[in-house]
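Some notes on the structure that comes next.
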Amino acid sequence: MRARMALSHVGISVELREILLSDRPDELYAISPKGTVPVLELPDGRVIDESFDIMKWALSQTQTDWMEIDLDKQLAMIKVNDEEFKPWLNKYKYHERHREHPQKFYQGKCAEILSTYETILNTNSYLMGKKAQWTDVAILPFVRQFAHVDLPYFEKKFISLNQWLEGWKGSGLFQSVMKKYIQWQPDHVPLIVSF
């Protein structure tokens with residue numbers, strides 16, 4: 001989602017190959033042996049197979065207002081999200097696979113980080129202040145995933161963060177990347193999209 005949002009924001013069209021993770025085609029592994037999504041193959045043959053790196057590449061292709069405010073601080077927040085929050089989030093979502101602690105433990109670890117965002121959003125519209133930045137979009141999908149595990153808990157505990165999330169979910173940018181596409185097959189005509 002965040003890679004698509006960055007591509008949409010800067011207006012880059014791509015050939016989309018929508019896949020099901022339960023039915024990964026050989027062509028995916030031919031491009032990226034990891035077999036994970038998203039994957040972006042550039043015209044020169046380079047492959048970018050991490051959503052953060054796809055965002056970084058897309059935003060480097062043009063001037064963007066998403067990188068106007070304290071880029072070092074933005075990158076530090078994204079690093080905490082990707083390296084600390086995401087692992088706790090995965091354990092929270094899939095707690096039955098991580099029985100060394102109860103789900104509430106993982107929820108609490110996630111909440112420690114989300115509380116930082118809540119504090120910022122108590123007095124700001126976005127995580128970097130008054131204007132949407134790269135950080136907001138980089139963190140958004142993971143906040144959304146957390147919220148969906150126990151929505152009543154999230155809405156009660158994180159009022160400002162929930163308002164921020166709902167604002168993004170109602171945005172044209174978010175809506176542009178949420179369209180459903182049919183599963184790609186090798187014999188399909190290439191589908192060029194500008195999210």
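Identifiers in the structure tokens: chain A, B, ... in order shown; residue index from 1 per chain; ligand index from 1 in order shown.
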
Test item: residues at most 12 Å from Phe174 in chain A, only C-alpha atoms, excluding those fewer than 2 positions along its chain, as a JSON list (two decimals) with C-alpha atoms, in the first residue's frame:
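Result saved to around-v6.json:
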```json
[["chain", "number", "residue", "atom", "x", "y", "z"],
["A", 1, "MET", "CA", 0.00, 0.00, 0.00],
["A", 2, "ARG", "CA", 2.66, 2.55, 0.95],
["A", 3, "ALA", "CA", 4.68, 1.87, -2.21],
["A", 4, "ARG", "CA", 1.56, 2.36, -4.33],
["A", 5, "MET", "CA", 0.73, 5.57, -2.48],
["A", 6, "ALA", "CA", 4.19, 6.97, -3.20],
["A", 7, "LEU", "CA", 3.94, 6.01, -6.88],
["A", 8, "SER", "CA", 0.50, 7.62, -7.04],
["A", 9, "HIS", "CA", 1.66, 10.78, -5.27],
["A", 136, "ASP", "CA", 2.70, 9.59, 7.47],
["A", 137, "VAL", "CA", 2.36, 7.37, 4.42],
["A", 140, "LEU", "CA", -0.04, 4.43, 7.78],
["A", 141, "PRO", "CA", -0.46, 0.79, 6.63],
["A", 144, "ARG", "CA", -4.21, 0.44, 9.96],
["A", 165, "LEU", "CA", -6.10, 7.17, 10.25],
["A", 166, "GLU", "CA", -9.69, 7.89, 9.26],
["A", 167, "GLY", "CA", -8.57, 11.08, 7.51],
["A", 168, "TRP", "CA", -6.10, 9.12, 5.42],
["A", 169, "LYS", "CA", -8.61, 6.36, 4.69],
["A", 170, "GLY", "CA", -11.00, 8.98, 3.33],
["A", 171, "SER", "CA", -8.35, 10.65, 1.17],
["A", 172, "GLY", "CA", -8.25, 10.44, -2.60],
["A", 176, "SER", "CA", -6.66, 5.49, -5.49],
["A", 177, "VAL", "CA", -4.54, 2.55, -4.33],
["A", 178, "MET", "CA", -7.34, 0.46, -2.81],
["A", 179, "LYS", "CA", -8.99, -0.45, -6.10],
["A", 195, "PHE", "CA", -2.86, 4.72, -9.13]]
```

Distance query range 108-120 of chain A at most 9 Å, only C-alpha atoms, self and fewer than 4 positions along chain excluded, as a list in words: Val80, Asn81, Glu84, Phe85, Lys86, Trp88, Leu89, Tyr92, Gln103, Lys104, Asn124, Ser125, Tyr126, Leu127, Met128, Gly129, Val143, Phe146, Lys157, Phe158, Ile159, Ser160, Leu161 and Asn162 of chain A

Who sits within 12 Å of Ser22 in chain A, only C-alpha atoms, same chain under 3 positions skipped, as an MDAnalysis selection string: chainID A and resid 19 25 35:36 183

Restricted to C-alpha atoms, what would the selected residues look like written as a PDB file, in the first residue's frame?
```
ATOM      1  CA  ILE A  19      -0.992 -11.622  -7.458  1.00  0.00           C
ATOM      2  CA  PRO A  25       3.538 -17.203  -9.969  1.00  0.00           C
ATOM      3  CA  GLY A  35       8.862 -14.017  -3.596  1.00  0.00           C
ATOM      4  CA  THR A  36       7.499 -11.189  -1.467  1.00  0.00           C
ATOM      5  CA  GLN A 183      -5.237 -11.710 -10.564  1.00  0.00           C
TER       6      GLN A 183
END
```

A:Ala132, A:Leu40, A:Ala76, A:Val149 ranked by distance to Gln107 in chain A, top pick (using only C-alpha atoms): A:Val149

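Nearest to Lys130 in chain A of all the residues A:Glu27, A:Ile69, A:Lys91, A:Glu83 is A:Ile69, counting only C-alpha atoms.
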
Pick from A:Phe142, A:Trp164, A:Ile182, A:Glu50, whichever lies nearest to Lys34 in chain A using only C-alpha atoms: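 Comparing A:Phe142, A:Trp164, A:Ile182, A:Glu50 against Lys34 in chain A, the winner is A:Glu50.
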
Residue set, chain A restricted to helix (DSSP H, G or I), as an MDAnalysis selection string: chainID A and resid 2:10 26:31 51:60 65:67 71:93 95:97 103:121 134:149 151:157 159:169 172:177

Limited to C-alpha atoms, could you put the picked residues into a file as a CSV table (one decimal), in the first residue's frame?
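part00.csv written:
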```csv
chain,number,residue,atom,x,y,z
A,2,ARG,CA,2.7,2.5,1.0
A,3,ALA,CA,4.7,1.9,-2.2
A,4,ARG,CA,1.6,2.4,-4.3
A,5,MET,CA,0.7,5.6,-2.5
A,6,ALA,CA,4.2,7.0,-3.2
A,7,LEU,CA,3.9,6.0,-6.9
A,8,SER,CA,0.5,7.6,-7.0
A,9,HIS,CA,1.7,10.8,-5.3
A,10,VAL,CA,4.4,11.4,-7.8
A,26,ASP,CA,7.0,-18.4,-11.1
A,27,GLU,CA,7.4,-15.0,-12.8
A,28,LEU,CA,7.5,-13.3,-9.4
A,29,TYR,CA,10.4,-15.5,-8.3
A,30,ALA,CA,12.1,-14.9,-11.6
A,31,ILE,CA,12.2,-11.2,-10.8
A,51,SER,CA,8.2,-1.2,0.0
A,52,PHE,CA,10.3,1.5,1.8
A,53,ASP,CA,12.9,1.3,-1.0
A,54,ILE,CA,10.2,1.6,-3.7
A,55,MET,CA,8.9,4.7,-1.9
A,56,LYS,CA,12.4,6.1,-1.7
A,57,TRP,CA,13.0,5.5,-5.4
A,58,ALA,CA,9.6,7.0,-6.4
A,59,LEU,CA,10.0,10.1,-4.3
A,60,SER,CA,13.5,10.6,-5.7
A,65,ASP,CA,6.4,18.1,-0.8
A,66,TRP,CA,6.5,14.9,1.2
A,67,MET,CA,10.2,15.5,2.0
A,71,LEU,CA,14.1,14.4,6.5
A,72,ASP,CA,16.5,13.0,9.1
A,73,LYS,CA,13.7,13.0,11.7
A,74,GLN,CA,11.3,11.4,9.2
A,75,LEU,CA,13.8,8.6,8.4
A,76,ALA,CA,14.3,8.0,12.1
A,77,MET,CA,10.6,7.6,12.7
A,78,ILE,CA,10.2,5.3,9.7
A,79,LYS,CA,13.2,3.3,11.0
A,80,VAL,CA,11.5,2.8,14.4
A,81,ASN,CA,8.3,1.8,12.6
A,82,ASP,CA,10.0,-0.7,10.3
A,83,GLU,CA,12.5,-2.2,12.7
A,84,GLU,CA,10.7,-2.0,16.1
A,85,PHE,CA,6.9,-1.6,15.5
A,86,LYS,CA,6.5,-4.0,12.6
A,87,PRO,CA,8.0,-7.1,14.4
A,88,TRP,CA,5.7,-6.4,17.4
A,89,LEU,CA,2.8,-5.9,15.1
A,90,ASN,CA,3.4,-9.2,13.4
A,91,LYS,CA,3.5,-11.0,16.8
A,92,TYR,CA,0.3,-9.1,17.8
A,93,LYS,CA,-1.6,-10.1,14.6
A,95,HIS,CA,0.0,-14.2,18.4
A,96,GLU,CA,-1.0,-17.9,18.1
A,97,ARG,CA,2.4,-18.4,16.4
A,103,GLN,CA,-1.5,-11.3,22.8
A,104,LYS,CA,-2.0,-8.4,25.3
A,105,PHE,CA,1.8,-8.3,25.8
A,106,TYR,CA,2.3,-7.7,22.1
A,107,GLN,CA,-0.5,-5.2,22.0
A,108,GLY,CA,1.2,-3.3,24.8
A,109,LYS,CA,4.5,-3.3,23.0
A,110,CYS,CA,2.8,-1.8,19.9
A,111,ALA,CA,0.9,0.7,22.0
A,112,GLU,CA,4.2,2.0,23.5
A,113,ILE,CA,5.2,3.2,20.0
A,114,LEU,CA,1.7,4.3,18.9
A,115,SER,CA,1.5,6.4,22.1
A,116,THR,CA,4.3,8.5,20.6
A,117,TYR,CA,2.3,9.1,17.5
A,118,GLU,CA,-0.8,9.9,19.6
A,119,THR,CA,1.1,12.5,21.6
A,120,ILE,CA,2.2,14.2,18.3
A,121,LEU,CA,-1.2,14.1,16.8
A,134,TRP,CA,6.7,10.7,3.8
A,135,THR,CA,6.5,9.5,7.4
A,136,ASP,CA,2.7,9.6,7.5
A,137,VAL,CA,2.4,7.4,4.4
A,138,ALA,CA,5.2,5.1,5.4
A,139,ILE,CA,3.6,4.4,8.8
A,140,LEU,CA,0.0,4.4,7.8
A,141,PRO,CA,-0.5,0.8,6.6
A,142,PHE,CA,0.9,-0.6,9.9
A,143,VAL,CA,-1.3,1.6,12.1
A,144,ARG,CA,-4.2,0.4,10.0
A,145,GLN,CA,-3.2,-3.2,10.5
A,146,PHE,CA,-2.9,-2.7,14.2
A,147,ALA,CA,-6.3,-1.0,14.4
A,148,HIS,CA,-8.0,-3.9,12.6
A,149,VAL,CA,-6.9,-6.5,15.2
A,151,LEU,CA,-10.8,-1.8,16.6
A,152,PRO,CA,-12.7,-0.9,19.8
A,153,TYR,CA,-9.5,-0.9,21.8
A,154,PHE,CA,-7.7,1.2,19.1
A,155,GLU,CA,-10.5,3.8,18.9
A,156,LYS,CA,-10.8,4.2,22.6
A,157,LYS,CA,-7.0,4.3,23.4
A,159,ILE,CA,-8.4,9.0,19.7
A,160,SER,CA,-6.1,11.4,17.7
A,161,LEU,CA,-4.3,8.6,15.9
A,162,ASN,CA,-7.7,7.1,14.9
A,163,GLN,CA,-8.8,10.5,13.5
A,164,TRP,CA,-5.5,10.7,11.6
A,165,LEU,CA,-6.1,7.2,10.2
A,166,GLU,CA,-9.7,7.9,9.3
A,167,GLY,CA,-8.6,11.1,7.5
A,168,TRP,CA,-6.1,9.1,5.4
A,169,LYS,CA,-8.6,6.4,4.7
A,172,GLY,CA,-8.3,10.4,-2.6
A,173,LEU,CA,-4.7,9.1,-2.4
A,174,PHE,CA,-5.7,6.2,-0.2
A,175,GLN,CA,-8.7,5.5,-2.3
A,176,SER,CA,-6.7,5.5,-5.5
A,177,VAL,CA,-4.5,2.5,-4.3
```

Which of range 24-90 of chain A fall in strand (DSSP E), as number ranges by chain: A: 40-41, 47-48
